[in-house]
Amino acid sequence: MAEMINPRVDLAFKKIFGVEENKDLLISLINSIVSAEDQVDQIELLNPYNERNYSKDKLSILDIKARNKATLTYFLIEMQLADEMEYHQRSLYSWARVYSNQLSAGYDYEALKKTIAIHILNFTFIDYKKHKGWKEEHLSKYHHCFTLQDKVTKVEVFKDLEIHTIELNKFEGLKDKDLDRVLSKVKNMLDTWVALLTRYDLLDIKQLPKQIDFPEIKKALKVMQEMQFSAEEREMYNMHLDFLRMEYSALKKKFLDGKLEGKAEGLEEGMQKGKLEGKLEGKLEGKLEIARNLIAKGYDDATIFDLTGLTAQEIKKYFK
């Protein structure tokens, strides 16, 4: 059987959902996330993946910008590998850039259209265990939709801003090794896409269970099996895949001990513990461990900056 590409690697994600021939997959993914009023029938890719442009723009080419042909609503879809220290600010900045870039010289503000950002995250963004007053059901809530509304009345007036976060490691089927148990957690189309992104290794395109036997899921699996990389793309894919593996291994090594060892929830608890009291310090420690592994493998500074979010000053301070 052909190698199955990991769709959580940002390069692979863009090659699956960000090309003209797979716009049906992107439409299905978007429609599984957004509200009924923002559903898409036809979409225009504003920055389709192009291998010829890859070597010139490899660091910024991996987001997907698209527009609903009917309503002209803009979409920004990103696969986020790591929990960057400035994620909150960067996510707002990337949304604002897409929104503001709609306006060419001489156009009125009324030309601006709603912009929806969708961030698919390989990390825990919101930890309800640390907040009091939430219902138990929120602990595994992996999809959030953020909008602007009045704190008291909840009225929404500024309707052009919407940011969705999908936290893959909160999917309840993530820890199950048995496909039937994974599928028992699938309740809707978003669950189906998340199951594909996280447990693709359990899926056989020739024997898809009825519950997830959709044309777009079959097509996505086929694309993942048949995807071809240039030498440069393969190098970047392997670097980012290494990062995902190193991040998991570094956190597991650092935080799993005695009681926690062997418990599925122990890793998550240990990850949160590792942030220590100041959260930022813990993130830095984890990133330094990953950077140390990348340096040992011979990766250059630019790649380490990109994968870990560390700055040149931090690399120089801790490793030079």
# chains A, B, ... in the order shown; residues from 1 in each chain; ligands from 1
$ closest_atom_pairs --of "range 107-142 of chain A" --to "range 62-86 of chain A" --cutoff "9 Å" --atoms "only C-alpha atoms" --output "tab-separated table"
residue	atom	partner	partner_atom	distance
A:Lys113	CA	A:Thr73	CA	5.6
A:Lys114	CA	A:Thr73	CA	5.1
A:Thr115	CA	A:Tyr74	CA	4.6
A:Ile116	CA	A:Phe75	CA	4.9
A:Ala117	CA	A:Leu76	CA	4.6
A:Ile118	CA	A:Ile77	CA	4.7
A:His119	CA	A:Glu78	CA	5.0
A:Ile120	CA	A:Met79	CA	4.8
A:Leu121	CA	A:Gln80	CA	4.9
A:Asn122	CA	A:Leu81	CA	5.4
A:Phe123	CA	A:Asp83	CA	6.1
A:Thr124	CA	A:Asp83	CA	7.9
A:Phe125	CA	A:Asp83	CA	7.8
$ residues_around --residues "Val186 in chain A" --least-positions-apart "3" --cutoff "12 Å" --atoms "only C-alpha atoms" --output "MDAnalysis selection string"
chainID A and resid 171:174 179:183 189:196 199 209:212
$ residues_around --residues "Asp201 in chain A" --least-positions-apart "4" --cutoff "12 Å" --atoms "only C-alpha atoms" --output "number ranges by chain"
A: 3-7, 174, 176-179, 182, 195-197, 205, 221, 224-225
$ select_by_dssp --residues "range 31-180 of chain A" --states "alpha helix (DSSP H)" --output "VMD selection string"
chain A and resid 31 51 to 54 87 to 100 179 to 180
$ select_by_dssp --residues "range 63-136 of chain A" --states "strand (DSSP E)" --output "PyMOL selection string"
chain A and resi 64-68+74-80+115-121
$ atom_distance --atom1 "CA of Asn47 in chain A" --atom2 "CA of Gly18 in chain A"
7.8 Å
$ residues_around --residues "Val157 in chain A" --least-positions-apart "4" --cutoff "9 Å" --atoms "only C-alpha atoms" --output "PyMOL selection string"
chain A and resi 148-150
$ write_last_selection --atoms "N, CA and C atoms" --output "CSV table (one decimal), in the first residue's frame"
chain,number,residue,atom,x,y,z
A,148,LEU,N,-17.5,39.2,17.7
A,148,LEU,CA,-17.5,40.5,18.5
A,148,LEU,C,-19.0,40.7,18.9
A,149,GLN,N,-19.2,40.8,20.2
A,149,GLN,CA,-20.5,41.1,20.7
A,149,GLN,C,-20.4,41.9,22.0
A,150,ASP,N,-21.5,42.6,22.3
A,150,ASP,CA,-21.6,43.3,23.6
A,150,ASP,C,-21.5,42.4,24.8
$ atom_distance --atom1 "CA of Ile27 in chain A" --atom2 "CA of Val223 in chain A"
15.9 Å
$ decode --residues "range 127-265 of chain A" --atoms "C-alpha atoms" --output "mmCIF file, in the first residue's frame"
data_model
loop_
_atom_site.group_PDB
_atom_site.id
_atom_site.type_symbol
_atom_site.label_atom_id
_atom_site.label_comp_id
_atom_site.auth_asym_id
_atom_site.auth_seq_id
_atom_site.Cartn_x
_atom_site.Cartn_y
_atom_site.Cartn_z
ATOM 1 C CA ASP A 127 -8.105 24.614 28.846
ATOM 2 C CA TYR A 128 -11.436 24.584 30.657
ATOM 3 C CA LYS A 129 -9.880 22.654 33.545
ATOM 4 C CA LYS A 130 -8.262 25.918 34.580
ATOM 5 C CA HIS A 131 -11.491 27.928 34.533
ATOM 6 C CA LYS A 132 -14.253 27.617 37.101
ATOM 7 C CA GLY A 133 -17.943 27.613 36.319
ATOM 8 C CA TRP A 134 -17.881 25.646 33.074
ATOM 9 C CA LYS A 135 -19.996 22.586 32.488
ATOM 10 C CA GLU A 136 -18.272 19.226 32.205
ATOM 11 C CA GLU A 137 -19.221 19.034 28.530
ATOM 12 C CA HIS A 138 -16.931 21.961 27.756
ATOM 13 C CA LEU A 139 -13.784 20.037 28.742
ATOM 14 C CA SER A 140 -13.674 18.218 25.392
ATOM 15 C CA LYS A 141 -15.190 21.004 23.300
ATOM 16 C CA TYR A 142 -12.786 21.245 20.364
ATOM 17 C CA HIS A 143 -14.611 23.722 18.103
ATOM 18 C CA HIS A 144 -14.987 27.368 19.147
ATOM 19 C CA CYS A 145 -16.384 30.281 17.167
ATOM 20 C CA PHE A 146 -15.261 33.752 18.260
ATOM 21 C CA THR A 147 -17.152 36.876 17.244
ATOM 22 C CA LEU A 148 -17.530 40.452 18.511
ATOM 23 C CA GLN A 149 -20.528 41.074 20.743
ATOM 24 C CA ASP A 150 -21.581 43.329 23.578
ATOM 25 C CA LYS A 151 -20.603 41.851 26.945
ATOM 26 C CA VAL A 152 -23.994 42.444 28.550
ATOM 27 C CA THR A 153 -26.649 42.127 25.843
ATOM 28 C CA LYS A 154 -24.655 39.777 23.569
ATOM 29 C CA VAL A 155 -25.822 41.795 20.574
ATOM 30 C CA GLU A 156 -23.536 41.491 17.541
ATOM 31 C CA VAL A 157 -23.055 44.632 15.483
ATOM 32 C CA PHE A 158 -19.550 44.135 14.087
ATOM 33 C CA LYS A 159 -20.415 41.032 12.068
ATOM 34 C CA ASP A 160 -17.468 40.965 9.694
ATOM 35 C CA LEU A 161 -15.115 39.274 12.178
ATOM 36 C CA GLU A 162 -15.308 35.545 12.891
ATOM 37 C CA ILE A 163 -12.534 33.210 13.997
ATOM 38 C CA HIS A 164 -12.975 29.464 14.408
ATOM 39 C CA THR A 165 -10.517 27.237 16.268
ATOM 40 C CA ILE A 166 -10.464 23.449 15.881
ATOM 41 C CA GLU A 167 -8.311 21.778 18.577
ATOM 42 C CA LEU A 168 -7.509 18.359 17.126
ATOM 43 C CA ASN A 169 -6.125 16.887 20.350
ATOM 44 C CA LYS A 170 -9.496 17.379 22.089
ATOM 45 C CA PHE A 171 -11.309 15.063 19.671
ATOM 46 C CA GLU A 172 -12.679 12.267 21.852
ATOM 47 C CA GLY A 173 -11.732 9.559 19.360
ATOM 48 C CA LEU A 174 -8.098 10.623 19.255
ATOM 49 C CA LYS A 175 -6.887 8.141 21.873
ATOM 50 C CA ASP A 176 -8.850 5.122 20.572
ATOM 51 C CA LYS A 177 -6.966 2.496 18.590
ATOM 52 C CA ASP A 178 -10.100 0.679 17.512
ATOM 53 C CA LEU A 179 -11.934 2.197 14.522
ATOM 54 C CA ASP A 180 -15.375 1.329 15.896
ATOM 55 C CA ARG A 181 -14.621 3.253 19.080
ATOM 56 C CA VAL A 182 -13.395 6.228 17.046
ATOM 57 C CA LEU A 183 -16.545 6.181 14.928
ATOM 58 C CA SER A 184 -18.705 6.084 18.048
ATOM 59 C CA LYS A 185 -17.462 9.643 18.685
ATOM 60 C CA VAL A 186 -18.411 10.848 15.182
ATOM 61 C CA LYS A 187 -21.721 12.737 15.334
ATOM 62 C CA ASN A 188 -21.525 15.177 12.426
ATOM 63 C CA MET A 189 -19.488 16.117 9.346
ATOM 64 C CA LEU A 190 -16.929 18.127 11.312
ATOM 65 C CA ASP A 191 -16.304 15.072 13.519
ATOM 66 C CA THR A 192 -15.835 13.098 10.292
ATOM 67 C CA TRP A 193 -13.204 15.501 8.983
ATOM 68 C CA VAL A 194 -11.438 15.601 12.357
ATOM 69 C CA ALA A 195 -11.442 11.787 12.456
ATOM 70 C CA LEU A 196 -9.788 11.800 9.036
ATOM 71 C CA LEU A 197 -7.175 14.365 10.090
ATOM 72 C CA THR A 198 -6.298 12.555 13.323
ATOM 73 C CA ARG A 199 -6.999 8.832 12.743
ATOM 74 C CA TYR A 200 -6.417 8.502 9.005
ATOM 75 C CA ASP A 201 -4.102 5.585 9.837
ATOM 76 C CA LEU A 202 -7.150 3.485 10.769
ATOM 77 C CA LEU A 203 -9.051 4.181 7.550
ATOM 78 C CA ASP A 204 -9.047 1.950 4.482
ATOM 79 C CA ILE A 205 -10.400 3.603 1.353
ATOM 80 C CA LYS A 206 -11.681 0.218 0.117
ATOM 81 C CA GLN A 207 -13.584 -0.543 3.320
ATOM 82 C CA LEU A 208 -14.915 2.722 4.677
ATOM 83 C CA PRO A 209 -17.682 2.244 7.267
ATOM 84 C CA LYS A 210 -21.082 3.573 6.200
ATOM 85 C CA GLN A 211 -20.915 6.273 8.845
ATOM 86 C CA ILE A 212 -18.086 8.081 7.072
ATOM 87 C CA ASP A 213 -18.455 6.725 3.545
ATOM 88 C CA PHE A 214 -18.738 10.107 1.840
ATOM 89 C CA PRO A 215 -17.345 10.911 -1.629
ATOM 90 C CA GLU A 216 -15.183 13.746 -0.258
ATOM 91 C CA ILE A 217 -13.670 11.508 2.447
ATOM 92 C CA LYS A 218 -12.837 8.841 -0.123
ATOM 93 C CA LYS A 219 -11.302 11.459 -2.375
ATOM 94 C CA ALA A 220 -9.245 12.959 0.463
ATOM 95 C CA LEU A 221 -7.854 9.522 1.367
ATOM 96 C CA LYS A 222 -7.037 8.881 -2.293
ATOM 97 C CA VAL A 223 -5.210 12.222 -2.521
ATOM 98 C CA MET A 224 -3.266 11.412 0.651
ATOM 99 C CA GLN A 225 -2.234 8.012 -0.753
ATOM 100 C CA GLU A 226 -1.220 9.310 -4.174
ATOM 101 C CA MET A 227 0.323 12.669 -3.239
ATOM 102 C CA GLN A 228 3.678 13.320 -4.888
ATOM 103 C CA PHE A 229 6.350 15.707 -3.576
ATOM 104 C CA SER A 230 9.243 17.363 -5.302
ATOM 105 C CA ALA A 231 12.608 16.879 -3.589
ATOM 106 C CA GLU A 232 12.289 20.291 -1.921
ATOM 107 C CA GLU A 233 8.702 19.670 -0.836
ATOM 108 C CA ARG A 234 9.632 16.253 0.546
ATOM 109 C CA GLU A 235 12.420 17.816 2.593
ATOM 110 C CA MET A 236 10.062 20.404 4.087
ATOM 111 C CA TYR A 237 7.341 17.806 4.703
ATOM 112 C CA ASN A 238 9.814 15.570 6.539
ATOM 113 C CA MET A 239 11.086 18.523 8.604
ATOM 114 C CA HIS A 240 7.583 19.431 9.731
ATOM 115 C CA LEU A 241 6.696 15.776 10.334
ATOM 116 C CA ASP A 242 9.846 15.467 12.452
ATOM 117 C CA PHE A 243 8.703 18.506 14.401
ATOM 118 C CA LEU A 244 5.334 16.927 15.229
ATOM 119 C CA ARG A 245 7.082 13.770 16.405
ATOM 120 C CA MET A 246 9.728 15.641 18.376
ATOM 121 C CA GLU A 247 7.148 17.854 20.060
ATOM 122 C CA TYR A 248 5.222 14.810 21.261
ATOM 123 C CA SER A 249 8.373 12.944 22.345
ATOM 124 C CA ALA A 250 9.864 15.959 24.154
ATOM 125 C CA LEU A 251 6.699 16.596 26.128
ATOM 126 C CA LYS A 252 6.235 12.919 26.922
ATOM 127 C CA LYS A 253 9.821 12.560 28.125
ATOM 128 C CA LYS A 254 9.654 15.722 30.220
ATOM 129 C CA PHE A 255 6.294 15.361 31.890
ATOM 130 C CA LEU A 256 5.295 11.675 32.097
ATOM 131 C CA ASP A 257 6.362 10.041 35.335
ATOM 132 C CA GLY A 258 5.158 7.457 37.890
ATOM 133 C CA LYS A 259 1.440 8.058 38.224
ATOM 134 C CA LEU A 260 1.004 9.644 34.829
ATOM 135 C CA GLU A 261 2.867 7.026 32.831
ATOM 136 C CA GLY A 262 0.579 4.922 30.682
ATOM 137 C CA LYS A 263 -2.463 7.129 31.193
ATOM 138 C CA ALA A 264 -3.828 8.729 28.070
ATOM 139 C CA GLU A 265 -4.906 11.784 29.977
#
